[in-house]
Each structure stands twice: as C-alpha cells, then as structure tokens.
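model_5.txt (compact mmCIF, C-alpha atoms)
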```txt
# COMPACT_ATOMS: atom_id res chain seq x y z
CA MET A 9 0.00 0.00 0.00
CA ALA A 10 1.34 3.42 -1.00
CA GLY A 11 -0.03 5.15 2.11
CA THR A 12 -3.22 6.50 3.67
CA VAL A 13 -4.81 9.71 2.39
CA LEU A 14 -7.70 11.74 3.81
CA VAL A 15 -9.78 13.60 1.21
CA VAL A 16 -11.74 16.50 2.71
CA GLU A 17 -14.13 17.83 0.06
CA ASP A 18 -17.80 18.80 0.36
CA ASP A 19 -18.64 17.98 -3.28
CA ARG A 20 -19.61 14.29 -3.13
CA GLU A 21 -18.97 13.58 -6.82
CA LEU A 22 -15.51 15.12 -6.72
CA ARG A 23 -14.77 13.39 -3.43
CA ASP A 24 -15.68 9.99 -4.90
CA LEU A 25 -13.70 10.73 -8.08
CA LEU A 26 -10.55 11.50 -6.08
CA ARG A 27 -11.04 8.40 -3.98
CA ARG A 28 -11.17 6.22 -7.10
CA TYR A 29 -8.04 7.77 -8.60
CA LEU A 30 -6.08 7.52 -5.34
CA GLU A 31 -7.17 3.93 -4.70
CA ARG A 32 -6.18 3.04 -8.28
CA ALA A 33 -2.71 4.42 -7.43
CA GLY A 34 -2.51 2.10 -4.41
CA TYR A 35 -3.55 4.41 -1.55
CA ALA A 36 -5.93 3.64 1.28
CA VAL A 37 -8.41 6.52 1.32
CA HIS A 38 -10.68 8.09 3.94
CA THR A 39 -13.16 10.71 2.73
CA THR A 40 -15.36 13.29 4.40
CA GLY A 41 -17.24 16.45 3.53
CA SER A 42 -17.01 17.76 7.10
CA GLY A 43 -14.16 19.82 8.50
CA ALA A 44 -15.05 18.80 12.04
CA GLU A 45 -14.89 15.10 11.15
CA ALA A 46 -11.57 15.68 9.39
CA ILE A 47 -10.09 17.24 12.53
CA GLY A 48 -11.31 14.23 14.52
CA LEU A 49 -9.62 11.82 12.11
CA LEU A 50 -6.39 13.82 12.32
CA THR A 51 -6.29 13.47 16.09
CA ARG A 52 -6.47 9.68 15.76
CA ASP A 53 -3.29 9.40 13.63
CA LEU A 54 -5.11 7.59 10.83
CA VAL A 55 -3.66 9.38 7.81
CA GLU A 56 -0.31 10.27 6.22
CA LEU A 57 -1.52 13.10 3.99
CA VAL A 58 -4.60 15.31 3.61
CA VAL A 59 -6.15 16.55 0.35
CA LEU A 60 -8.06 19.54 1.67
CA ASP A 61 -10.74 21.73 0.11
CA LEU A 62 -10.71 25.12 1.84
CA GLY A 63 -14.39 25.87 1.12
CA LEU A 64 -16.05 23.58 3.67
CA PRO A 65 -19.62 24.13 4.96
CA ASP A 66 -19.05 23.67 8.69
CA VAL A 67 -15.44 24.62 9.50
CA ASP A 68 -13.04 27.00 7.78
CA GLY A 69 -10.62 24.92 5.74
CA LEU A 70 -7.74 26.93 7.17
CA ASP A 71 -8.69 25.63 10.63
CA VAL A 72 -8.39 22.07 9.32
CA LEU A 73 -5.03 23.01 7.81
CA ALA A 74 -3.90 24.32 11.21
CA ALA A 75 -5.03 21.09 12.90
CA ALA A 76 -3.06 19.03 10.38
CA ARG A 77 0.08 21.03 11.08
CA GLU A 78 -0.13 20.50 14.86
CA GLY A 79 1.67 17.64 16.56
CA ARG A 80 3.14 15.25 13.98
CA ALA A 81 2.48 17.76 11.13
CA VAL A 82 0.56 15.76 8.53
CA PRO A 83 1.38 17.06 5.01
CA VAL A 84 -1.48 18.84 3.22
CA VAL A 85 -2.29 19.35 -0.45
CA VAL A 86 -4.80 22.21 -0.61
CA LEU A 87 -7.55 21.87 -3.21
CA THR A 88 -9.53 25.03 -3.83
CA ALA A 89 -11.28 27.30 -6.29
CA ARG A 90 -9.33 30.26 -4.89
CA SER A 91 -6.88 30.84 -7.74
CA ALA A 92 -5.47 34.29 -6.90
CA VAL A 93 -1.73 34.37 -6.30
CA GLU A 94 -2.30 35.98 -2.89
CA ASP A 95 -4.55 33.08 -1.83
CA ARG A 96 -1.96 30.50 -2.88
CA ILE A 97 0.80 32.32 -1.04
CA ASP A 98 -1.39 32.60 2.07
CA GLY A 99 -2.14 28.86 2.00
CA LEU A 100 1.52 27.95 1.62
CA ARG A 101 2.54 30.33 4.39
CA ARG A 102 0.00 28.68 6.69
CA GLY A 103 1.68 25.33 6.14
CA ALA A 104 0.24 23.77 2.99
CA ASP A 105 2.74 21.54 1.18
CA ASP A 106 1.17 22.08 -2.23
CA TYR A 107 -1.73 24.03 -3.73
CA VAL A 108 -4.01 22.81 -6.57
CA THR A 109 -6.70 25.06 -8.02
CA LYS A 110 -9.99 23.91 -9.55
CA PRO A 111 -10.59 22.76 -12.24
CA PHE A 112 -7.75 20.26 -12.25
CA SER A 113 -6.66 16.90 -13.62
CA PRO A 114 -7.20 14.02 -11.15
CA THR A 115 -4.05 12.40 -12.55
CA GLU A 116 -2.05 15.52 -11.74
CA LEU A 117 -3.52 15.59 -8.22
CA VAL A 118 -2.36 11.99 -7.62
CA LEU A 119 1.12 12.89 -8.86
CA ARG A 120 1.25 15.87 -6.53
CA VAL A 121 0.25 13.64 -3.62
CA GLU A 122 3.05 11.24 -4.55
CA ALA A 123 5.56 14.08 -4.80
CA VAL A 124 4.63 15.52 -1.40
CA LEU A 125 4.85 12.11 0.29
CA HIS A 126 8.18 11.52 -1.42
CA ARG A 127 9.55 14.78 0.01
CA THR A 128 8.16 14.26 3.51
CA ARG A 129 9.31 10.63 3.71
CA GLY A 130 12.79 11.60 2.57
CA GLY A 131 13.14 8.89 -0.10
CA ASP A 132 15.17 9.35 -3.25
CA GLY A 133 12.30 8.28 -5.53
CA SER A 134 14.48 6.05 -7.70
CA ALA A 135 12.19 3.06 -7.28
CA ARG A 136 9.41 4.88 -9.10
CA ALA A 137 11.38 5.55 -12.30
CA ASP A 138 10.55 3.42 -15.35
CA THR A 139 12.48 3.30 -18.63
CA PHE A 140 11.36 2.41 -22.12
CA GLY A 141 12.98 1.71 -25.50
CA GLY A 142 16.33 0.54 -24.13
CA GLY A 143 16.60 3.41 -21.66
CA ARG A 144 15.79 6.19 -24.15
CA LEU A 145 12.64 7.32 -22.30
CA ARG A 146 12.68 7.69 -18.51
CA LEU A 147 9.53 8.47 -16.50
CA ASP A 148 9.81 9.25 -12.80
CA GLU A 149 6.27 9.66 -11.45
CA THR A 150 7.43 10.63 -7.96
CA ARG A 151 9.37 13.59 -9.30
CA HIS A 152 6.92 14.21 -12.15
CA SER A 153 9.88 14.04 -14.52
CA ALA A 154 10.22 12.79 -18.10
CA GLU A 155 13.52 12.49 -19.98
CA LEU A 156 14.18 11.46 -23.57
CA ASP A 157 17.74 10.54 -24.57
CA GLY A 158 18.98 12.23 -21.39
CA GLU A 159 17.15 15.51 -22.04
CA ARG A 160 14.32 16.66 -19.77
CA LEU A 161 10.94 17.06 -21.46
CA GLU A 162 8.94 20.15 -20.49
CA LEU A 163 5.40 18.78 -20.57
CA THR A 164 2.08 20.33 -19.64
CA PRO A 165 0.00 18.44 -17.01
CA THR A 166 -2.22 17.06 -19.80
CA GLU A 167 0.75 15.94 -21.91
CA TRP A 168 2.28 14.31 -18.85
CA GLY A 169 -1.01 12.54 -18.09
CA LEU A 170 -1.28 11.36 -21.68
CA LEU A 171 2.25 9.98 -21.77
CA THR A 172 2.01 8.21 -18.41
CA ALA A 173 -1.40 6.75 -19.31
CA LEU A 174 0.06 5.18 -22.46
CA ALA A 175 3.18 4.09 -20.57
CA ALA A 176 1.08 2.23 -18.01
CA ALA A 177 0.51 -0.51 -20.61
CA PRO A 178 2.96 -0.35 -23.55
CA GLY A 179 1.50 -1.89 -26.69
CA ARG A 180 -2.08 -1.65 -25.48
CA VAL A 181 -4.38 0.53 -27.59
CA PHE A 182 -6.22 3.23 -25.64
CA SER A 183 -9.31 4.85 -27.12
CA ARG A 184 -9.66 8.62 -26.94
CA TYR A 185 -12.49 8.11 -24.45
CA GLU A 186 -10.21 6.07 -22.15
CA LEU A 187 -7.42 8.61 -22.39
CA ILE A 188 -9.55 11.67 -21.62
CA ASN A 189 -11.09 9.89 -18.62
CA ARG A 190 -7.68 8.88 -17.30
CA ILE A 191 -6.35 12.41 -17.73
CA ARG A 192 -9.37 14.53 -16.77
CA GLY A 193 -11.69 12.08 -15.05
CA TYR A 194 -14.64 12.93 -17.29
CA GLU A 195 -15.58 13.38 -20.94
CA PHE A 196 -16.92 16.49 -22.63
CA PRO A 197 -18.12 17.54 -26.09
CA GLY A 198 -15.26 17.58 -28.58
CA TYR A 199 -12.90 15.54 -26.38
CA GLU A 200 -11.75 13.52 -29.43
CA ARG A 201 -10.29 16.63 -31.08
CA THR A 202 -8.80 17.70 -27.74
CA VAL A 203 -6.95 14.39 -27.34
CA ASP A 204 -5.68 14.55 -30.93
CA SER A 205 -4.40 18.08 -30.34
CA HIS A 206 -2.51 17.07 -27.19
CA VAL A 207 -1.01 14.05 -28.98
CA LYS A 208 0.20 16.35 -31.75
CA ASN A 209 1.83 18.70 -29.21
CA LEU A 210 3.38 15.78 -27.33
CA ARG A 211 4.88 14.35 -30.51
CA ARG A 212 6.30 17.75 -31.39
CA LYS A 213 8.10 17.89 -28.04
CA LEU A 214 9.34 14.31 -28.39
CA GLY A 215 10.84 15.18 -31.79
CA PRO A 216 11.34 13.13 -34.95
CA GLY A 217 13.86 10.87 -33.26
CA ALA A 218 11.10 9.40 -31.09
CA GLY A 219 9.07 8.03 -33.98
CA GLY A 220 6.95 5.07 -32.94
CA LEU A 221 6.83 6.09 -29.28
CA VAL A 222 3.23 7.33 -29.55
CA GLU A 223 1.55 5.37 -32.32
CA THR A 224 -1.82 6.02 -33.97
CA VAL A 225 -4.11 3.02 -34.43
CA LEU A 226 -6.55 4.14 -37.11
CA GLY A 227 -10.17 4.06 -36.05
CA VAL A 228 -9.30 3.11 -32.46
CA GLY A 229 -6.89 5.43 -30.65
CA TYR A 230 -3.26 5.49 -29.54
CA ARG A 231 -0.64 3.25 -27.97
CA MET A 232 2.97 3.40 -26.76
CA GLY A 233 5.12 1.59 -29.29
CA TRP A 234 8.25 1.32 -27.16
CA PRO A 235 8.48 -1.61 -24.70
CA ARG A 236 9.09 -1.16 -21.00
CA ASP A 237 12.63 -2.12 -20.02
CA ARG A 238 13.01 -5.06 -17.70
```
Reformat the file's structure so that it appears as structure tokens.
Amino acid sequence: MAGTVLVVEDDRELRDLLRRYLERAGYAVHTTGSGAEAIGLLTRDLVELVVLDLGLPDVDGLDVLAAAREGRAVPVVVLTARSAVEDRIDGLRRGADDYVTKPFSPTELVLRVEAVLHRTRGGDGSARADTFGGGRLRLDETRHSAELDGERLELTPTEWGLLTALAAAPGRVFSRYELINRIRGYEFPGYERTVDSHVKNLRRKLGPGAGGLVETVLGVGYRMGWPRDR
C-alpha cells in the first residue's frame, strides 16, 4: 500500500472521483465532507496526507489546515477554487505543502500527492522511475519528470497525463475516451479533437527521433510503441 490519504471535500462527486483515482494508485483513502470530522480523524493518527478543500460548509478549511500542522504535522495538499496568487501564497505560508486550483486533472492531483509524500518521507524516488525503449525514455512519477535521450521534457499536465497513461501498458491501444477519462476524469463535447491536439503537441516535443513512441491506431486510438525495459 502506498499510504493513507484523507480527502476533505464537500462535493460528493468530486470526493468519490478523487477516492477512485487515489485507490487506483494504491492508496488507502478516507473521505469526508465535514471539516469537524476531518479534525477528529487527524487526532487519531489515521492518515499520512490530507487533500483539503478550503471551502467547507461547517469549519473554515484553514482551521483544518492548522489542525493538520499540529503535533506530527501531517502534510497537506490544498484543493480550492481560490486561484489568486495571494490566496496560494497565504495557504503555503500557513503550512500547505502544495496548492491545486480547480478545475484540475485528477491524474495531476495523484502525482502531486506522490511528490509531497516523497519529500516528507525523505526517499530518493528512484524506485518509481521506469524506462522504455532501451533506456531512451525515462519516467519518474514521484518527481513528475520525463527524460528522452537524457534531455528533460517540459510537458504540460495534460501531456504528462497522456504519456504516463500510455506508458502504463505499452502496446495496449487506448481509445480517446479512455485517455480523456484517465487524464481529466470525465468526458466532454469535442474531447476527441482535444486528445488529438494534445497528442500532436506531445509528438512535437518528443521530436522526430522518437518516432513510434506514440503510435496512432486508425479508427481506435493510440498506444505506446516502445516496450518497458526489464
């Protein structure tokens, strides 16, 4: 098990969505829409990290953040619709370890959770790095890092989510529907064109030397053409 995460979010659908993504990544997950219940869970030493929405109905999210930072100082990833720079700075100053604004990619949120736990546990993250194509492509999910032929790739969150989704099962064909749900957690009108656009941008960043890495399967979708190294 990767660890135990508490999701504090008053939107039930979003709360359940995050639980599914985190459990898929190997985490044990507690969820609640109540700030008071979250504080109670924190006092019982049940969790290693909190994903915290600041806009709670019963308790100010900042009070939950303060409770998490007391005693053993549980790391916190703040999840909020407050996108102003001043709000992010305020949250970080109050002890948040990371700050994610809505709307967001569930895949990115999971990666941020992994990165925060990696930092707070003090590991070097090397066990999470996978290589493909005889070492040409290196993906380190803990550090949210991708390298091709020794050069770091500067990817957007969506491009990163697309590449890691394909890399999860090299050779398997993913439909556009599967990819958009893995990256965003939901579908929307025109998602097929959106996926195609992100694939085009990803291929441009990979360059002509990475031909065959992201392959098109006509009428179906996309797959990673390079094998995972053993």
Task: Proximity to Leu22 in chain A - best of A:Leu57, A:Leu87, A:Ala154, A:Ala46, all atoms listed in the file - done: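 Looking at the shortest contact to Leu22 in chain A, the residue is A:Leu87.
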Open item on the list: Rounded to one decimal, what separation in Å do you get between CA of Gly220 in chain A and CA of Gly233 in chain A?
Closed with: 5.4 Å
- [ ] Provide the CA of Leu73 in chain A to CA of Arg28 in chain A distance in Å, to one decimal place.
- [x]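 These atoms are spaced 23.3 Å apart.
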TODO: Fewer than 4 positions away in the same chain doesn't count, so skip those; otherwise give me all residues within 12 Å of Arg180 in chain A, counting all atoms listed in the file, as a list in words.
DONE: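 Skipping anything fewer than 4 positions along the chain leaves Ala173, Leu174, Ala175, Ala176, Glu186, Leu187, Val222, Glu223, Thr224, Val225, Val228, Gly229, Tyr230, Arg231, Met232, Gly233, Trp234 and Pro235 of chain A.
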- [ ] Between CA of Val203 in chain A and CA of Ile188 in chain A, measure the distance and give it in Å to one decimal.
- [x]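 Here the two named atoms are 6.8 Å from each other.
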What are the centre and edge lengths in Å, to one decimal, of the axis-aligned box around all listed atoms of range 150-168 of chain A with 6 Å added on each side, as JSON?
```
{"center_x": 8.4, "center_y": 15.4, "center_z": -16.3, "size_x": 33.2, "size_y": 21.8, "size_z": 28.6}
```
Using the partial input, fill out range 160-189 of chain A with N, CA and C atoms; write the result as a compact mmCIF listing (two decimals), in the coordinates of the input.
```txt
# COMPACT_ATOMS: atom_id res chain seq x y z
N ARG A 160 15.61 16.50 -20.45
CA ARG A 160 14.32 16.66 -19.77
C ARG A 160 13.26 17.19 -20.73
N LEU A 161 12.07 16.60 -20.66
CA LEU A 161 10.94 17.06 -21.46
C LEU A 161 10.09 18.01 -20.63
N GLU A 162 9.80 19.18 -21.18
CA GLU A 162 8.94 20.15 -20.49
C GLU A 162 7.51 19.92 -20.97
N LEU A 163 6.74 19.18 -20.19
CA LEU A 163 5.40 18.78 -20.57
C LEU A 163 4.34 19.52 -19.75
N THR A 164 3.22 19.80 -20.38
CA THR A 164 2.08 20.33 -19.64
C THR A 164 1.48 19.20 -18.81
N PRO A 165 0.64 19.51 -17.79
CA PRO A 165 0.00 18.44 -17.01
C PRO A 165 -0.78 17.45 -17.89
N THR A 166 -1.45 17.95 -18.92
CA THR A 166 -2.22 17.06 -19.80
C THR A 166 -1.30 16.18 -20.62
N GLU A 167 -0.21 16.74 -21.15
CA GLU A 167 0.75 15.94 -21.91
C GLU A 167 1.40 14.88 -21.03
N TRP A 168 1.72 15.26 -19.80
CA TRP A 168 2.28 14.31 -18.85
C TRP A 168 1.28 13.19 -18.58
N GLY A 169 0.02 13.55 -18.34
CA GLY A 169 -1.01 12.54 -18.09
C GLY A 169 -1.20 11.62 -19.27
N LEU A 170 -1.15 12.16 -20.47
CA LEU A 170 -1.28 11.36 -21.68
C LEU A 170 -0.13 10.37 -21.81
N LEU A 171 1.08 10.85 -21.62
CA LEU A 171 2.25 9.98 -21.77
C LEU A 171 2.28 8.88 -20.72
N THR A 172 1.98 9.22 -19.48
CA THR A 172 2.01 8.21 -18.41
C THR A 172 0.86 7.22 -18.54
N ALA A 173 -0.29 7.68 -19.08
CA ALA A 173 -1.40 6.75 -19.31
C ALA A 173 -1.01 5.70 -20.34
N LEU A 174 -0.40 6.13 -21.44
CA LEU A 174 0.06 5.18 -22.46
C LEU A 174 1.16 4.28 -21.93
N ALA A 175 2.05 4.86 -21.10
CA ALA A 175 3.18 4.09 -20.57
C ALA A 175 2.75 3.05 -19.55
N ALA A 176 1.55 3.20 -19.00
CA ALA A 176 1.08 2.23 -18.01
C ALA A 176 0.91 0.84 -18.62
N ALA A 177 0.68 0.78 -19.93
CA ALA A 177 0.51 -0.51 -20.61
C ALA A 177 1.05 -0.41 -22.03
N PRO A 178 2.38 -0.45 -22.21
CA PRO A 178 2.96 -0.35 -23.55
C PRO A 178 2.39 -1.40 -24.49
N GLY A 179 2.05 -0.98 -25.71
CA GLY A 179 1.50 -1.89 -26.69
C GLY A 179 -0.01 -1.99 -26.68
N ARG A 180 -0.62 -1.61 -25.56
CA ARG A 180 -2.08 -1.65 -25.48
C ARG A 180 -2.65 -0.42 -26.16
N VAL A 181 -3.74 -0.59 -26.91
CA VAL A 181 -4.38 0.53 -27.59
C VAL A 181 -5.41 1.15 -26.65
N PHE A 182 -5.28 2.47 -26.45
CA PHE A 182 -6.22 3.23 -25.64
C PHE A 182 -7.11 4.06 -26.56
N SER A 183 -8.41 3.99 -26.36
CA SER A 183 -9.31 4.85 -27.12
C SER A 183 -9.20 6.27 -26.60
N ARG A 184 -9.66 7.22 -27.38
CA ARG A 184 -9.66 8.62 -26.94
C ARG A 184 -10.51 8.78 -25.70
N TYR A 185 -11.62 8.06 -25.63
CA TYR A 185 -12.49 8.11 -24.45
C TYR A 185 -11.73 7.67 -23.20
N GLU A 186 -10.99 6.56 -23.29
CA GLU A 186 -10.21 6.07 -22.15
C GLU A 186 -9.17 7.10 -21.73
N LEU A 187 -8.49 7.67 -22.71
CA LEU A 187 -7.42 8.61 -22.39
C LEU A 187 -7.95 9.86 -21.72
N ILE A 188 -9.04 10.44 -22.22
CA ILE A 188 -9.55 11.67 -21.62
C ILE A 188 -10.07 11.40 -20.22
N ASN A 189 -10.62 10.21 -19.97
CA ASN A 189 -11.09 9.89 -18.62
C ASN A 189 -9.94 9.65 -17.67
```
